[in-house]
Amino acid sequence: MPYAKIVGSGSYLPPRIVTNDELAAELAGRNIETSDEWIVTRTGIHQRHIAEPGVKSSEMATHAARAAMQDAGVTAEDVDLIIVATSTPDFIFPSTACLVQAGLGVRQGAAFDVQAVCSGFVYALTTAEAFIRAGRAKTALVIGAEVFSNILDWNDRSTCVLFGDGAGAVVVKASAEPGIIGAQLSADGSQMSILYAAGNVSRGAVVGDPFLRMDGQAVFKLAVNALTQSAKDVCKEAGVELDDVDWLVPHQANVRILNFLSKKLHIPIEKVVVTLDRQANTSAASVPLALDAARRDGRIKAGDLVMMQGVGGGFTWGSVLARM
Ligand code: ACO
């Protein structure tokens with residue numbers, strides 16, 4: 001049975017950067033008070049990239065996928081599986097993955113979306129690994145792409161300061177050498193009420209509330225506990241120790257969550273890849289964006305053991321352990 005190995009990565013961030021001061025000034029115009037100081041202290045976020053109106057997840061996903069394919073040295077003829085993790089798809093259907101397939105000129109293989117909110121990328125990567133291990137695909141593109149700015153209530157200061165837009169992608173290939181060596185996924189649908197965007201379209205009209213709503217403190221607690229347990233479980237399954245992990249690439253929600261995680265797992269904070277200071281929380285895109293940043297700046301090298309972790313709405317969470 002072949003292994004599934006990550007052989008390339010790529011990113012796309014919309015060019016428009018909005019700093020905390022700029023966001024605070026914009027909100028002040030609507031009599032909503034916030035500040036750089038509040039946002040940095042509570043979250044670690046300094047700025048975020050925001051897509052121009054009309055920019056779609058599939059466009060950003062296609063850019064990120066091209067960069068990952070170039071990095072991996074694969075062409076459109078090689079790709080036989082495309083999975084896009086997104087909670088902000090272009091359309092109800094077709095899937096964002098099908099739009100990416102067309103954009104890249106891929107003519108073969110399967111393409112579909114995975115919806116697990118901020119855990120979407122680790123869910124999609126685990127799915128791609130299973131396809132490859134089963135011999136059903138040889139070269140997969142796994143992408144996280146979000147335009148979360150579209151589903152934020154820009155009058156709710158407790159959520160709108162937290163998120164950004166972007167896309168990250170990896171190429172995963174069948175390999176004789178070990179690549180992904182462990183995966184753990186969980187969900188607890190009974191926790192829906194702490195994080196949701198409970199709107200829909202029915203008979204041509206938006207019904208319910210189209211915006212993201214969150215109980216921040218409940219999410220905080222659940223995220224720390226779920227990620228800690230998941231990290232321990234995935235290491236046990238793979239037969240490695242937490243000490244063996246060279247890099248932790250967690251979902252980028254809040255720097256305080258990352259500090260807690262580092263302490264609870266006894267993984268020094270220097271080994272935790274952090275991008276949320278510049279990118280904020282990009283939901284399903286945050287893990288591949290962080291992985292790509294650390295591969296490209298030379299921190300993550302071939303042979304390193306990397307733990308990727310997602311946590312988000314559903315509630316969903318999970319971890320993937322990969323030898324690079
Ligand atoms: N600017 C200024 N004040 C604010 C802002 C803001 N942007 N947002 C909220 N406040 C105020 C509140 O109104 C409240 O005021 P009050 O005391 O007068 O009522 C005060 O700040 C404290 O609010 P809390 O909600 O208690 O603040 P807390 O310290 O919990 O921080 C936060 C909020 C940052 C959301 C935190 O709970 C958190 O990080 N939770 C994790 C959730 C998360 O990261 N979610 C991301 C999406 S989910 C995911 O990706 C897994």
# chains A, B, ... in the order shown; residues from 1 in each chain; ligands from 1

call {"tool": "select_by_dssp", "arguments": {"residues": "stretch 24-192 of chain A", "states": "strand (DSSP E or B)", "output": "ChimeraX atom specification"}}
result
/A:47-49,81-85,110-114,139-146,163,166-175,180-187

call {"tool": "closest_atom_pairs", "arguments": {"of": "chain A", "to": "ligand 1", "cutoff": "9 Å", "atoms": "only C-alpha atoms and all ligand atoms", "output": "CSV"}}
result
residue,atom,partner,partner_atom_place_in_ligand_line,distance
A:Ala24,CA,ligand 1,1 (N),8.4
A:Ile32,CA,ligand 1,1 (N),8.4
A:Glu33,CA,ligand 1,2 (C),6.0
A:Thr34,CA,ligand 1,1 (N),3.6
A:Ser35,CA,ligand 1,1 (N),5.9
A:Asp36,CA,ligand 1,1 (N),8.4
A:Glu37,CA,ligand 1,1 (N),8.7
A:Trp38,CA,ligand 1,2 (C),5.5
A:Ile39,CA,ligand 1,7 (N),6.0
A:Thr41,CA,ligand 1,34 (C),8.7
A:Arg42,CA,ligand 1,34 (C),5.0
A:Thr43,CA,ligand 1,34 (C),5.3
A:Val117,CA,ligand 1,50 (O),8.1
A:Cys118,CA,ligand 1,50 (O),5.5
A:Ser119,CA,ligand 1,51 (C),8.1
A:Asp156,CA,ligand 1,8 (N),7.8
A:Arg157,CA,ligand 1,7 (N),4.2
A:Ser158,CA,ligand 1,8 (N),3.5
A:Thr159,CA,ligand 1,35 (C),6.5
A:Cys160,CA,ligand 1,7 (N),7.4
A:Val161,CA,ligand 1,7 (N),5.7
A:Leu162,CA,ligand 1,46 (C),6.4
A:Phe163,CA,ligand 1,46 (C),7.5
A:Leu195,CA,ligand 1,48 (S),6.8
A:Met214,CA,ligand 1,45 (N),7.1
A:Asp215,CA,ligand 1,37 (O),7.2
A:Gly216,CA,ligand 1,37 (O),3.6
A:Gln217,CA,ligand 1,37 (O),4.1
A:Ala218,CA,ligand 1,40 (N),7.3
A:Val219,CA,ligand 1,42 (C),4.9
A:Phe220,CA,ligand 1,41 (C),3.9
A:Lys221,CA,ligand 1,41 (C),7.7
A:Leu222,CA,ligand 1,51 (C),8.7
A:Ala223,CA,ligand 1,51 (C),6.2
A:His251,CA,ligand 1,50 (O),7.0
A:Gln252,CA,ligand 1,50 (O),6.9
A:Ala253,CA,ligand 1,44 (O),4.2
A:Asn254,CA,ligand 1,44 (O),4.7
A:Val255,CA,ligand 1,39 (O),8.1
A:Arg256,CA,ligand 1,39 (O),7.2
A:Ile257,CA,ligand 1,41 (C),7.3
A:Asn281,CA,ligand 1,50 (O),6.4
A:Thr282,CA,ligand 1,50 (O),8.1
A:Ser283,CA,ligand 1,50 (O),5.9
A:Ala284,CA,ligand 1,50 (O),8.8
A:Gly310,CA,ligand 1,51 (C),7.8
A:Val311,CA,ligand 1,51 (C),5.0
A:Gly312,CA,ligand 1,51 (C),3.9
A:Gly313,CA,ligand 1,48 (S),6.7
A:Phe315,CA,ligand 1,51 (C),8.7
A:Thr316,CA,ligand 1,51 (C),8.8
A:Trp317,CA,ligand 1,51 (C),8.8

call {"tool": "residues_around", "arguments": {"residues": "stretch 168-177 of chain A", "least_positions_apart": "6", "cutoff": "7 Å", "atoms": "only C-alpha atoms", "output": "VMD selection string"}}
result
chain A and resid 2 to 12 61 64 to 65 68 to 69 72 132 138 to 145 285 288 to 289

call {"tool": "write_last_selection", "arguments": {"atoms": "C-alpha atoms", "output": "compact mmCIF listing (two decimals), in the first residue's frame"}}
result
# COMPACT_ATOMS: atom_id res chain seq x y z
CA PRO A 2 1.56 3.37 -0.98
CA TYR A 3 2.03 6.17 1.51
CA ALA A 4 0.62 9.67 0.88
CA LYS A 5 3.28 12.38 1.01
CA ILE A 6 3.05 16.17 0.87
CA VAL A 7 5.38 17.19 -1.97
CA GLY A 8 4.47 20.85 -2.54
CA SER A 9 2.55 23.78 -1.11
CA GLY A 10 1.25 27.17 -2.21
CA SER A 11 -0.60 30.22 -0.94
CA TYR A 12 -2.76 33.06 -2.11
CA ALA A 61 -8.00 28.39 -4.45
CA ALA A 64 -2.86 28.70 -4.40
CA ALA A 65 -3.17 25.37 -6.25
CA ALA A 68 1.58 24.29 -5.00
CA MET A 69 1.72 22.45 -8.35
CA ALA A 72 5.76 20.07 -6.47
CA ILE A 132 -4.15 7.46 -2.07
CA LYS A 138 -2.02 9.12 -7.17
CA THR A 139 -1.72 12.92 -7.17
CA ALA A 140 -4.14 14.98 -5.07
CA LEU A 141 -4.58 18.70 -4.64
CA VAL A 142 -5.89 19.54 -1.16
CA ILE A 143 -6.94 23.16 -0.77
CA GLY A 144 -8.42 25.35 1.97
CA ALA A 145 -10.02 28.54 0.64
CA ALA A 285 -7.17 28.10 4.72
CA PRO A 288 -2.10 25.20 4.59
CA LEU A 289 -1.20 28.92 4.61

call {"tool": "closest_residue", "arguments": {"among": "A:Leu227, A:Ile151, A:Val240, A:Val245", "to": "A:Asp209", "atoms": "only C-alpha atoms"}}
result
A:Ile151

call {"tool": "residues_around", "arguments": {"residues": "stretch 182-191 of chain A", "least_positions_apart": "2", "cutoff": "10 Å", "atoms": "only C-alpha atoms", "output": "ChimeraX atom specification"}}
result
/A:116,119,122-123,125-127,129,179-180,193-196,218-219,222,226,230-240,307-323

call {"tool": "write_last_selection", "arguments": {"atoms": "N, CA and C atoms", "output": "compact mmCIF listing (two decimals), in the first residue's frame"}}
result
# COMPACT_ATOMS: atom_id res chain seq x y z
N ALA A 116 -16.02 21.37 6.86
CA ALA A 116 -15.82 21.14 8.30
C ALA A 116 -15.28 22.42 8.94
N SER A 119 -11.80 23.16 10.64
CA SER A 119 -11.12 21.86 10.59
C SER A 119 -11.09 21.32 9.16
N VAL A 122 -7.77 19.72 7.60
CA VAL A 122 -7.31 18.41 8.11
C VAL A 122 -8.30 17.30 7.73
N TYR A 123 -9.59 17.63 7.65
CA TYR A 123 -10.55 16.64 7.15
C TYR A 123 -10.24 16.29 5.68
N LEU A 125 -7.40 16.66 4.01
CA LEU A 125 -6.10 15.98 3.88
C LEU A 125 -6.22 14.51 4.27
N THR A 126 -6.98 14.24 5.33
CA THR A 126 -7.20 12.85 5.77
C THR A 126 -7.96 12.07 4.69
N THR A 127 -8.91 12.74 4.04
CA THR A 127 -9.68 12.09 2.96
C THR A 127 -8.77 11.77 1.78
N GLU A 129 -5.57 11.34 1.84
CA GLU A 129 -4.65 10.26 2.24
C GLU A 129 -5.33 8.90 2.06
N GLY A 179 4.87 9.35 4.49
CA GLY A 179 4.52 10.77 4.47
C GLY A 179 3.56 10.99 5.62
N ILE A 180 2.25 10.93 5.35
CA ILE A 180 1.26 11.05 6.43
C ILE A 180 1.28 9.74 7.22
N SER A 193 -24.34 25.21 18.94
CA SER A 193 -24.75 26.55 19.37
C SER A 193 -23.60 27.50 19.70
N ILE A 194 -22.36 27.00 19.81
CA ILE A 194 -21.26 27.91 20.18
C ILE A 194 -20.59 28.56 18.96
N LEU A 195 -20.87 28.04 17.76
CA LEU A 195 -20.23 28.62 16.56
C LEU A 195 -21.02 28.17 15.34
N TYR A 196 -21.66 29.13 14.66
CA TYR A 196 -22.50 28.74 13.52
C TYR A 196 -22.75 29.92 12.60
N ALA A 218 -16.66 29.92 25.09
CA ALA A 218 -16.93 28.47 24.99
C ALA A 218 -16.06 27.85 23.91
N VAL A 219 -15.90 28.56 22.78
CA VAL A 219 -15.06 28.06 21.70
C VAL A 219 -13.62 27.94 22.19
N LEU A 222 -13.24 24.82 24.48
CA LEU A 222 -13.36 23.56 23.75
C LEU A 222 -12.17 23.35 22.81
N ALA A 226 -9.86 20.09 23.04
CA ALA A 226 -9.99 19.16 21.91
C ALA A 226 -8.64 18.99 21.21
N SER A 230 -6.50 15.54 20.92
CA SER A 230 -6.29 15.05 19.55
C SER A 230 -4.80 14.84 19.27
N ALA A 231 -3.97 15.76 19.75
CA ALA A 231 -2.51 15.65 19.54
C ALA A 231 -1.98 14.38 20.22
N LYS A 232 -2.45 14.15 21.44
CA LYS A 232 -1.99 12.95 22.15
C LYS A 232 -2.44 11.68 21.42
N ASP A 233 -3.71 11.68 20.97
CA ASP A 233 -4.27 10.49 20.32
C ASP A 233 -3.55 10.18 19.01
N VAL A 234 -3.27 11.22 18.21
CA VAL A 234 -2.67 10.96 16.90
C VAL A 234 -1.23 10.46 17.07
N CYS A 235 -0.52 10.97 18.07
CA CYS A 235 0.85 10.49 18.32
C CYS A 235 0.82 9.03 18.75
N LYS A 236 -0.12 8.69 19.63
CA LYS A 236 -0.24 7.31 20.11
C LYS A 236 -0.50 6.37 18.93
N GLU A 237 -1.45 6.78 18.08
CA GLU A 237 -1.79 5.94 16.92
C GLU A 237 -0.58 5.72 16.02
N ALA A 238 0.22 6.77 15.85
CA ALA A 238 1.37 6.68 14.93
C ALA A 238 2.60 6.08 15.59
N GLY A 239 2.54 5.86 16.92
CA GLY A 239 3.68 5.28 17.62
C GLY A 239 4.84 6.26 17.76
N VAL A 240 4.54 7.56 17.88
CA VAL A 240 5.61 8.56 18.12
C VAL A 240 5.27 9.33 19.39
N MET A 307 2.95 18.28 12.82
CA MET A 307 1.58 18.01 13.24
C MET A 307 0.69 19.17 12.84
N MET A 308 -0.30 18.89 11.97
CA MET A 308 -1.28 19.91 11.57
C MET A 308 -2.56 19.68 12.35
N GLN A 309 -3.18 20.76 12.83
CA GLN A 309 -4.38 20.61 13.65
C GLN A 309 -5.45 21.62 13.25
N GLY A 310 -6.68 21.13 13.20
CA GLY A 310 -7.82 22.00 12.91
C GLY A 310 -8.85 21.91 14.01
N VAL A 311 -9.60 23.00 14.20
CA VAL A 311 -10.72 23.00 15.15
C VAL A 311 -11.69 24.08 14.71
N GLY A 312 -12.99 23.78 14.78
CA GLY A 312 -13.94 24.79 14.32
C GLY A 312 -15.39 24.35 14.45
N GLY A 313 -16.23 25.07 13.73
CA GLY A 313 -17.68 24.89 13.81
C GLY A 313 -18.08 23.45 13.54
N GLY A 314 -19.16 23.07 14.17
CA GLY A 314 -19.66 21.70 13.99
C GLY A 314 -20.22 21.15 15.30
N PHE A 315 -19.40 21.01 16.32
CA PHE A 315 -18.00 21.30 16.44
C PHE A 315 -17.15 20.19 15.79
N THR A 316 -16.03 20.56 15.20
CA THR A 316 -15.17 19.57 14.56
C THR A 316 -13.73 19.84 14.98
N TRP A 317 -12.91 18.79 14.99
CA TRP A 317 -11.48 18.98 15.25
C TRP A 317 -10.71 17.76 14.75
N GLY A 318 -9.40 17.91 14.68
CA GLY A 318 -8.60 16.78 14.25
C GLY A 318 -7.15 17.16 14.04
N SER A 319 -6.32 16.12 13.84
CA SER A 319 -4.88 16.29 13.67
C SER A 319 -4.38 15.36 12.58
N VAL A 320 -3.36 15.81 11.86
CA VAL A 320 -2.66 14.98 10.88
C VAL A 320 -1.17 15.07 11.17
N LEU A 321 -0.52 13.91 11.23
CA LEU A 321 0.94 13.86 11.44
C LEU A 321 1.59 13.50 10.11
N ALA A 322 2.53 14.34 9.68
CA ALA A 322 3.13 14.08 8.36
C ALA A 322 4.65 14.22 8.42
N ARG A 323 5.33 13.23 7.86
CA ARG A 323 6.77 13.32 7.65
C ARG A 323 6.95 14.05 6.31

call {"tool": "closest_residue", "arguments": {"among": "A:Gly135, A:Gly29, A:Gly164, A:Pro14", "to": "A:Phe148", "atoms": "only C-alpha atoms"}}
result
A:Gly164

call {"tool": "closest_residue", "arguments": {"among": "A:Ala167, A:Ala102, A:Ala110, A:Leu261", "to": "A:Glu146", "atoms": "only C-alpha atoms"}}
result
A:Ala167

call {"tool": "residues_around", "arguments": {"residues": "A:Gly109", "least_positions_apart": "3", "cutoff": "8 Å", "atoms": "only C-alpha atoms", "output": "list in words"}}
result
Val79, Asp80, Leu81, Ile82 and Ala137 of chain A

call {"tool": "write_last_selection", "arguments": {"atoms": "C-alpha atoms", "output": "PDB file, in the first residue's frame"}}
result
ATOM      1  CA  VAL A  79      -3.726  15.582 -10.879  1.00  0.00           C
ATOM      2  CA  ASP A  80      -6.416  12.933 -10.324  1.00  0.00           C
ATOM      3  CA  LEU A  81      -8.107  14.240  -7.161  1.00  0.00           C
ATOM      4  CA  ILE A  82      -9.062  17.759  -6.028  1.00  0.00           C
ATOM      5  CA  ALA A 137      -5.705   8.417  -6.560  1.00  0.00           C
TER       6      ALA A 137
END

call {"tool": "atom_distance", "arguments": {"atom1": "atom CA of A:Arg133", "atom2": "atom CA of A:Ser95"}}
result
24.2 Å

call {"tool": "residues_around", "arguments": {"residues": "A:Arg278", "least_positions_apart": "2", "cutoff": "12 Å", "atoms": "only C-alpha atoms", "output": "PyMOL selection string"}}
result
chain A and resi 13+17-20+40+43-50+162-166+252+255+274-276+280-282+286+289-290+293

call {"tool": "select_by_dssp", "arguments": {"residues": "stretch 192-291 of chain A", "states": "alpha helix (DSSP H)", "output": "ChimeraX atom specification"}}
result
/A:216-238,255-265,276-279,286-291

call {"tool": "closest_residue", "arguments": {"among": "A:Asp71, A:Glu270, A:Thr62, A:Glu52", "to": "A:Arg295", "atoms": "only C-alpha atoms"}}
result
A:Asp71

call {"tool": "closest_residue", "arguments": {"among": "A:Pro250, A:Thr88, A:Gln229, A:Arg299", "to": "A:Ala197", "atoms": "only C-alpha atoms"}}
result
A:Thr88

call {"tool": "atom_distance", "arguments": {"atom1": "atom CA of A:Gly105", "atom2": "atom CA of A:Met60"}}
result
15.6 Å

call {"tool": "atom_distance", "arguments": {"atom1": "atom CA of A:Glu77", "atom2": "atom CA of A:Val106"}}
result
6.4 Å
